[in-house]
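Next comes run30.cif, with mmCIF, C-alpha atoms and all ligand atoms.
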```cif
data_coords
loop_
_atom_site.group_PDB
_atom_site.id
_atom_site.type_symbol
_atom_site.label_atom_id
_atom_site.label_comp_id
_atom_site.auth_asym_id
_atom_site.auth_seq_id
_atom_site.Cartn_x
_atom_site.Cartn_y
_atom_site.Cartn_z
ATOM 1 C CA MET Y 598 0.000 0.000 0.000
ATOM 2 C CA LYS Y 599 1.114 3.519 -0.753
ATOM 3 C CA GLN Y 600 1.962 5.972 2.000
ATOM 4 C CA ILE Y 601 -1.200 7.212 3.697
ATOM 5 C CA THR Y 602 -0.127 10.828 3.292
ATOM 6 C CA SER Y 603 0.784 10.444 -0.382
ATOM 7 C CA PRO Y 604 -1.219 12.618 -2.804
ATOM 8 C CA ASP Y 605 -2.612 9.499 -4.522
ATOM 9 C CA THR Y 606 -4.012 8.053 -1.305
ATOM 10 C CA GLN Y 607 -5.347 11.411 -0.119
ATOM 11 C CA ARG Y 608 -7.045 11.954 -3.485
ATOM 12 C CA LEU Y 609 -8.577 8.471 -3.343
ATOM 13 C CA ILE Y 610 -9.974 9.222 0.119
ATOM 14 C CA ASP Y 611 -11.393 12.550 -1.067
ATOM 15 C CA ASP Y 612 -13.004 10.828 -4.058
ATOM 16 C CA MET Y 613 -14.503 8.133 -1.820
ATOM 17 C CA VAL Y 614 -15.978 10.721 0.564
ATOM 18 C CA GLU Y 615 -17.440 12.605 -2.392
ATOM 19 C CA THR Y 616 -18.953 9.429 -3.877
ATOM 20 C CA MET Y 617 -20.363 8.329 -0.513
ATOM 21 C CA ARG Y 618 -22.050 11.705 -0.065
ATOM 22 C CA GLU Y 619 -23.272 11.892 -3.664
ATOM 23 C CA TYR Y 620 -25.082 8.543 -3.320
ATOM 24 C CA ASN Y 621 -26.141 9.050 0.293
ATOM 25 C CA GLY Y 622 -24.177 6.047 1.495
ATOM 26 C CA ALA Y 623 -23.548 5.524 5.196
ATOM 27 C CA GLY Y 624 -20.106 4.380 4.100
ATOM 28 C CA LEU Y 625 -18.031 3.345 1.141
ATOM 29 C CA ALA Y 626 -15.186 0.894 0.763
ATOM 30 C CA ALA Y 627 -12.386 1.158 -1.805
ATOM 31 C CA PRO Y 628 -13.364 -2.073 -3.638
ATOM 32 C CA GLN Y 629 -16.720 -0.421 -4.399
ATOM 33 C CA VAL Y 630 -14.838 2.122 -6.487
ATOM 34 C CA HIS Y 631 -12.737 -0.657 -8.028
ATOM 35 C CA THR Y 632 -9.673 0.030 -5.947
ATOM 36 C CA LEU Y 633 -8.164 -2.896 -4.089
ATOM 37 C CA GLN Y 634 -6.918 -1.013 -1.049
ATOM 38 C CA GLN Y 635 -7.901 -1.539 2.577
ATOM 39 C CA ILE Y 636 -9.644 1.814 2.941
ATOM 40 C CA CYS Y 637 -13.195 2.681 3.876
ATOM 41 C CA VAL Y 638 -15.014 5.873 4.780
ATOM 42 C CA ILE Y 639 -18.069 6.250 7.009
ATOM 43 C CA GLU Y 640 -20.366 9.197 7.661
ATOM 44 C CA VAL Y 641 -23.990 9.489 8.708
ATOM 45 C CA ASN Y 642 -25.489 12.919 9.136
ATOM 46 C CA GLY Y 643 -29.130 13.447 8.260
ATOM 47 C CA ASN Y 644 -28.931 10.746 5.611
ATOM 48 C CA PRO Y 645 -32.167 10.518 3.565
ATOM 49 C CA ARG Y 646 -31.535 6.793 2.945
ATOM 50 C CA TYR Y 647 -31.330 6.181 6.713
ATOM 51 C CA PRO Y 648 -33.476 8.894 8.282
ATOM 52 C CA ASP Y 649 -33.710 7.170 11.668
ATOM 53 C CA ALA Y 650 -29.998 6.404 11.992
ATOM 54 C CA PRO Y 651 -27.832 8.062 14.659
ATOM 55 C CA SER Y 652 -25.147 10.445 13.377
ATOM 56 C CA ILE Y 653 -21.579 9.294 12.813
ATOM 57 C CA PRO Y 654 -18.925 11.926 12.082
ATOM 58 C CA LEU Y 655 -16.749 11.455 9.007
ATOM 59 C CA THR Y 656 -14.438 8.520 9.747
ATOM 60 C CA VAL Y 657 -11.636 7.296 7.477
ATOM 61 C CA LEU Y 658 -10.302 3.798 8.169
ATOM 62 C CA ILE Y 659 -7.109 2.465 6.622
ATOM 63 C CA ASN Y 660 -6.075 -1.160 7.133
ATOM 64 C CA PRO Y 661 -8.876 -1.677 9.656
ATOM 65 C CA VAL Y 662 -8.941 -4.730 11.913
ATOM 66 C CA VAL Y 663 -12.258 -5.484 13.580
ATOM 67 C CA THR Y 664 -12.529 -7.852 16.532
ATOM 68 C CA PRO Y 665 -15.887 -8.767 18.089
ATOM 69 C CA LEU Y 666 -16.000 -8.027 21.829
ATOM 70 C CA THR Y 667 -19.132 -10.069 22.454
ATOM 71 C CA SER Y 668 -20.938 -13.053 21.009
ATOM 72 C CA GLU Y 669 -24.144 -11.014 21.132
ATOM 73 C CA MET Y 670 -25.582 -10.059 17.766
ATOM 74 C CA ASP Y 671 -28.465 -7.739 16.924
ATOM 75 C CA ASP Y 672 -30.625 -7.874 13.830
ATOM 76 C CA GLY Y 673 -30.925 -4.637 11.872
ATOM 77 C CA TRP Y 674 -31.858 -3.445 8.415
ATOM 78 C CA GLU Y 675 -29.043 -2.704 5.996
ATOM 79 C CA GLY Y 676 -28.732 -1.443 2.482
ATOM 80 C CA CYS Y 677 -25.701 -1.089 0.257
ATOM 81 C CA LEU Y 678 -24.726 0.964 -2.778
ATOM 82 C CA SER Y 679 -23.439 -2.292 -4.307
ATOM 83 C CA VAL Y 680 -26.876 -3.940 -3.945
ATOM 84 C CA PRO Y 681 -29.041 -1.107 -5.301
ATOM 85 C CA ASP Y 682 -32.543 -0.487 -3.994
ATOM 86 C CA MET Y 683 -32.633 -3.413 -1.578
ATOM 87 C CA ARG Y 684 -32.807 -3.785 2.184
ATOM 88 C CA GLY Y 685 -32.299 -6.853 4.338
ATOM 89 C CA VAL Y 686 -32.079 -7.845 7.992
ATOM 90 C CA VAL Y 687 -28.484 -8.596 8.976
ATOM 91 C CA PRO Y 688 -27.143 -9.892 12.307
ATOM 92 C CA ARG Y 689 -24.103 -7.939 13.545
ATOM 93 C CA TYR Y 690 -21.989 -7.999 16.686
ATOM 94 C CA THR Y 691 -23.177 -5.281 19.047
ATOM 95 C CA ALA Y 692 -19.652 -4.330 20.170
ATOM 96 C CA VAL Y 693 -16.336 -4.508 18.319
ATOM 97 C CA ARG Y 694 -12.807 -3.341 18.804
ATOM 98 C CA LEU Y 695 -11.666 -1.236 15.875
ATOM 99 C CA GLU Y 696 -7.973 -0.846 15.100
ATOM 100 C CA ALA Y 697 -6.990 1.182 12.053
ATOM 101 C CA TYR Y 698 -5.107 4.185 10.773
ATOM 102 C CA GLY Y 699 -6.843 7.492 10.116
ATOM 103 C CA ARG Y 700 -6.332 9.630 7.033
ATOM 104 C CA ASP Y 701 -3.334 11.421 8.552
ATOM 105 C CA GLY Y 702 -1.734 8.129 9.545
ATOM 106 C CA GLU Y 703 -2.829 8.414 13.165
ATOM 107 C CA ARG Y 704 -3.544 5.228 15.090
ATOM 108 C CA ILE Y 705 -7.182 4.476 15.805
ATOM 109 C CA ASP Y 706 -7.913 1.973 18.578
ATOM 110 C CA THR Y 707 -11.414 2.239 19.896
ATOM 111 C CA VAL Y 708 -14.523 0.344 20.913
ATOM 112 C CA ALA Y 709 -17.593 0.763 18.721
ATOM 113 C CA LYS Y 710 -21.078 -0.244 19.706
ATOM 114 C CA GLU Y 711 -24.552 -0.646 18.252
ATOM 115 C CA PHE Y 712 -25.108 1.286 15.001
ATOM 116 C CA PHE Y 713 -21.497 2.433 14.600
ATOM 117 C CA ALA Y 714 -20.346 -1.152 15.157
ATOM 118 C CA ARG Y 715 -22.832 -2.292 12.515
ATOM 119 C CA VAL Y 716 -21.600 0.180 9.900
ATOM 120 C CA ILE Y 717 -17.973 -0.715 10.634
ATOM 121 C CA GLN Y 718 -18.724 -4.407 10.136
ATOM 122 C CA HIS Y 719 -20.614 -3.680 6.909
ATOM 123 C CA GLU Y 720 -17.850 -1.519 5.431
ATOM 124 C CA THR Y 721 -14.903 -3.655 6.500
ATOM 125 C CA ASP Y 722 -16.694 -6.725 5.092
ATOM 126 C CA HIS Y 723 -16.437 -5.031 1.682
ATOM 127 C CA LEU Y 724 -12.645 -5.053 2.089
ATOM 128 C CA HIS Y 725 -12.875 -8.841 2.237
ATOM 129 C CA GLY Y 726 -15.294 -9.191 -0.674
ATOM 130 C CA ILE Y 727 -18.320 -9.772 1.551
ATOM 131 C CA VAL Y 728 -21.626 -7.938 1.089
ATOM 132 C CA TYR Y 729 -24.432 -7.835 3.643
ATOM 133 C CA VAL Y 730 -26.529 -10.347 1.733
ATOM 134 C CA ASP Y 731 -23.803 -12.933 2.487
ATOM 135 C CA ARG Y 732 -24.360 -12.297 6.213
ATOM 136 C CA MET Y 733 -28.136 -12.617 6.195
ATOM 137 C CA ARG Y 734 -29.565 -15.586 8.042
ATOM 138 C CA ASP Y 735 -32.989 -15.260 6.463
ATOM 139 C CA LEU Y 736 -33.049 -14.155 2.841
ATOM 140 C CA SER Y 737 -36.828 -13.790 2.984
ATOM 141 C CA THR Y 738 -36.321 -10.355 4.576
ATOM 142 C CA LEU Y 739 -34.530 -9.140 1.429
ATOM 143 C CA THR Y 740 -36.913 -6.390 0.325
ATOM 144 C CA HIS Y 741 -37.034 -3.946 -2.544
ATOM 145 C CA LEU Y 742 -36.641 -0.387 -1.298
ATOM 146 C CA ALA Y 743 -40.066 0.694 -2.556
ATOM 147 C CA GLU Y 744 -41.737 -2.057 -0.529
ATOM 148 C CA TRP Y 745 -39.488 -1.414 2.470
ATOM 149 C CA ASN Y 746 -40.383 2.277 2.495
ATOM 150 C CA LYS Y 747 -44.068 1.401 2.394
ATOM 151 C CA HIS Y 748 -44.032 -1.232 5.141
ATOM 152 C CA TRP Y 749 -41.091 -0.464 7.417
ATOM 153 C CA LEU Y 750 -40.146 3.187 7.140
ATOM 154 C CA GLY Y 751 -43.826 4.149 7.374
ATOM 155 C CA ASN Y 752 -44.170 2.129 10.568
ATOM 156 C CA GLU Y 753 -41.011 3.559 12.094
ATOM 157 C CA GLU Y 754 -42.065 7.102 11.335
ATOM 158 C CA GLN Y 755 -45.269 6.560 13.243
ATOM 159 C CA ASP Y 756 -43.190 5.742 16.312
ATOM 160 C CA ASP Y 757 -41.230 8.990 16.198
HETATM 161 NI NI NI Y 801 -22.085 -1.598 1.333
#
```
Is it possible to express this structure as structure tokens?
Ligand code: NI
Amino acid sequence: MKQITSPDTQRLIDDMVETMREYNGAGLAAPQVHTLQQICVIEVNGNPRYPDAPSIPLTVLINPVVTPLTSEMDDGWEGCLSVPDMRGVVPRYTAVRLEAYGRDGERIDTVAKEFFARVIQHETDHLHGIVYVDRMRDLSTLTHLAEWNKHWLGNEEQDD
């Protein structure tokens, strides 16, 4: 891998952030832009694709290593820019240790829980060629976005 601070790597990160924002992704991994580097970006801030999701500040992860801190998994809905217009229920560990480098080469070593842990697992899976559909236990929940909006988002909005 090139130096983190090299112009090429910094430009790639900028392009990934731009693409993630343009398509309202909660995150984006380098393989999704046809680049085989261990880099992903995450950001959730008033995302129209995930209106009920908690905010996550812009996070750049380079060479991330994710270790589950519990055997407990929660089911939650996920979508993915690589699986357009679909949603499915995916089990994810509720707490993980995240070790990585940030975009300035700084060490990241932190514990992530709940939704942030979910997004980290989703994005780092991409770095290993795994999409959320591969993690689903019950493919019958795989739902087209139009149907999902009608049945699930509508219900959630009533709870707000
Ligand atoms: Ni994805």
*List all protein, DNA and RNA residues that have at least one atom no more than 7 Å from any atom of ligand NI 801 (chain Y), counting all atoms listed in the file, and write them as a PyMOL selection string.*
chain Y and resi 624-625+676-679+719-720+723+728
*Could you work out how far atom CA of Y:Pro654 lies from atom CA of Y:Ile717, giving the answer in Å with one decimal?*
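Computing the Euclidean distance for atom CA of Y:Ile717 and atom CA of Y:Pro654 yields 12.8 Å.
Under the PyMOL selection byres (((chain Y and resi 666) around 9) and not hetatm), the matching residues in the shown file are Thr664, Pro665, Thr667, Ser668, Glu669, Tyr690, Thr691, Ala692, Val693, Arg694 and Val708 of chain Y.
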*For each of Y:Leu742, Y:Pro661, Y:Met613, Y:Arg608, take the minimum atom-to-atom distance to Y:Pro628, counting all atoms listed in the file, then give the residue where this is smallest.*
Y:Met613
*Reference answer for the PyMOL selection byres (((chain Y and resi 740) around 9) and not hetatm), as an NGL selection string*: :Y and (682-685 or 737-739 or 741-745)
Pull C-alpha atoms from the residues just selected and write them as an mmCIF file, in the frame of the given file.
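Generated file (selection.cif):
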```cif
data_model
loop_
_atom_site.group_PDB
_atom_site.id
_atom_site.type_symbol
_atom_site.label_atom_id
_atom_site.label_comp_id
_atom_site.auth_asym_id
_atom_site.auth_seq_id
_atom_site.Cartn_x
_atom_site.Cartn_y
_atom_site.Cartn_z
ATOM 1 C CA ASP Y 682 -32.543 -0.487 -3.994
ATOM 2 C CA MET Y 683 -32.633 -3.413 -1.578
ATOM 3 C CA ARG Y 684 -32.807 -3.785 2.184
ATOM 4 C CA GLY Y 685 -32.299 -6.853 4.338
ATOM 5 C CA SER Y 737 -36.828 -13.790 2.984
ATOM 6 C CA THR Y 738 -36.321 -10.355 4.576
ATOM 7 C CA LEU Y 739 -34.530 -9.140 1.429
ATOM 8 C CA HIS Y 741 -37.034 -3.946 -2.544
ATOM 9 C CA LEU Y 742 -36.641 -0.387 -1.298
ATOM 10 C CA ALA Y 743 -40.066 0.694 -2.556
ATOM 11 C CA GLU Y 744 -41.737 -2.057 -0.529
ATOM 12 C CA TRP Y 745 -39.488 -1.414 2.470
#
```
From the block you just saw, export stretch 616-644 of chain Y: N, CA and C atoms, as a CSV table (one decimal), in the first residue's frame.
```
chain,number,residue,atom,x,y,z
Y,616,THR,N,-18.0,10.4,-3.3
Y,616,THR,CA,-19.0,9.4,-3.9
Y,616,THR,C,-20.0,9.0,-2.8
Y,617,MET,N,-19.5,8.7,-1.6
Y,617,MET,CA,-20.4,8.3,-0.5
Y,617,MET,C,-21.5,9.4,-0.3
Y,618,ARG,N,-21.1,10.6,-0.3
Y,618,ARG,CA,-22.0,11.7,-0.1
Y,618,ARG,C,-23.0,11.8,-1.3
Y,619,GLU,N,-22.4,11.7,-2.5
Y,619,GLU,CA,-23.3,11.9,-3.7
Y,619,GLU,C,-24.4,10.9,-3.7
Y,620,TYR,N,-24.1,9.6,-3.3
Y,620,TYR,CA,-25.1,8.5,-3.3
Y,620,TYR,C,-25.7,8.3,-2.0
Y,621,ASN,N,-25.5,9.2,-1.0
Y,621,ASN,CA,-26.1,9.0,0.3
Y,621,ASN,C,-25.8,7.7,0.9
Y,622,GLY,N,-24.6,7.3,0.8
Y,622,GLY,CA,-24.2,6.0,1.5
Y,622,GLY,C,-23.8,6.4,2.9
Y,623,ALA,N,-24.0,5.4,3.8
Y,623,ALA,CA,-23.5,5.5,5.2
Y,623,ALA,C,-22.0,5.3,5.2
Y,624,GLY,N,-21.5,4.7,4.2
Y,624,GLY,CA,-20.1,4.4,4.1
Y,624,GLY,C,-19.8,3.9,2.7
Y,625,LEU,N,-18.5,3.8,2.4
Y,625,LEU,CA,-18.0,3.3,1.1
Y,625,LEU,C,-16.7,2.7,1.3
Y,626,ALA,N,-16.5,1.6,0.7
Y,626,ALA,CA,-15.2,0.9,0.8
Y,626,ALA,C,-14.5,0.9,-0.6
Y,627,ALA,N,-13.2,1.0,-0.6
Y,627,ALA,CA,-12.4,1.2,-1.8
Y,627,ALA,C,-12.8,0.2,-2.9
Y,628,PRO,N,-13.0,-1.1,-2.6
Y,628,PRO,CA,-13.4,-2.1,-3.6
Y,628,PRO,C,-14.6,-1.7,-4.4
Y,629,GLN,N,-15.5,-0.9,-3.7
Y,629,GLN,CA,-16.7,-0.4,-4.4
Y,629,GLN,C,-16.4,0.6,-5.5
Y,630,VAL,N,-15.3,1.2,-5.4
Y,630,VAL,CA,-14.8,2.1,-6.5
Y,630,VAL,C,-13.7,1.5,-7.2
Y,631,HIS,N,-13.7,0.1,-7.2
Y,631,HIS,CA,-12.7,-0.7,-8.0
Y,631,HIS,C,-11.3,-0.4,-7.7
Y,632,THR,N,-11.0,-0.2,-6.4
Y,632,THR,CA,-9.7,0.0,-5.9
Y,632,THR,C,-9.4,-1.0,-4.8
Y,633,LEU,N,-8.4,-1.8,-5.1
Y,633,LEU,CA,-8.2,-2.9,-4.1
Y,633,LEU,C,-7.2,-2.4,-3.0
Y,634,GLN,N,-7.7,-1.5,-2.2
Y,634,GLN,CA,-6.9,-1.0,-1.0
Y,634,GLN,C,-7.8,-1.2,0.2
Y,635,GLN,N,-7.2,-1.3,1.3
Y,635,GLN,CA,-7.9,-1.5,2.6
Y,635,GLN,C,-8.3,-0.2,3.2
Y,636,ILE,N,-9.2,0.5,2.5
Y,636,ILE,CA,-9.6,1.8,2.9
Y,636,ILE,C,-11.2,1.9,2.9
Y,637,CYS,N,-11.8,2.4,4.0
Y,637,CYS,CA,-13.2,2.7,3.9
Y,637,CYS,C,-13.5,4.0,4.6
Y,638,VAL,N,-14.6,4.6,4.2
Y,638,VAL,CA,-15.0,5.9,4.8
Y,638,VAL,C,-16.4,5.7,5.3
Y,639,ILE,N,-16.8,6.4,6.4
Y,639,ILE,CA,-18.1,6.3,7.0
Y,639,ILE,C,-18.5,7.6,7.4
Y,640,GLU,N,-19.8,7.9,7.2
Y,640,GLU,CA,-20.4,9.2,7.7
Y,640,GLU,C,-21.9,9.1,7.6
Y,641,VAL,N,-22.5,9.4,8.7
Y,641,VAL,CA,-24.0,9.5,8.7
Y,641,VAL,C,-24.4,10.8,9.4
Y,642,ASN,N,-25.1,11.6,8.6
Y,642,ASN,CA,-25.5,12.9,9.1
Y,642,ASN,C,-26.7,13.4,8.4
Y,643,GLY,N,-27.9,13.1,8.9
Y,643,GLY,CA,-29.1,13.4,8.3
Y,643,GLY,C,-29.3,12.8,6.9
Y,644,ASN,N,-29.0,11.5,6.9
Y,644,ASN,CA,-28.9,10.7,5.6
Y,644,ASN,C,-30.4,10.4,5.2
```
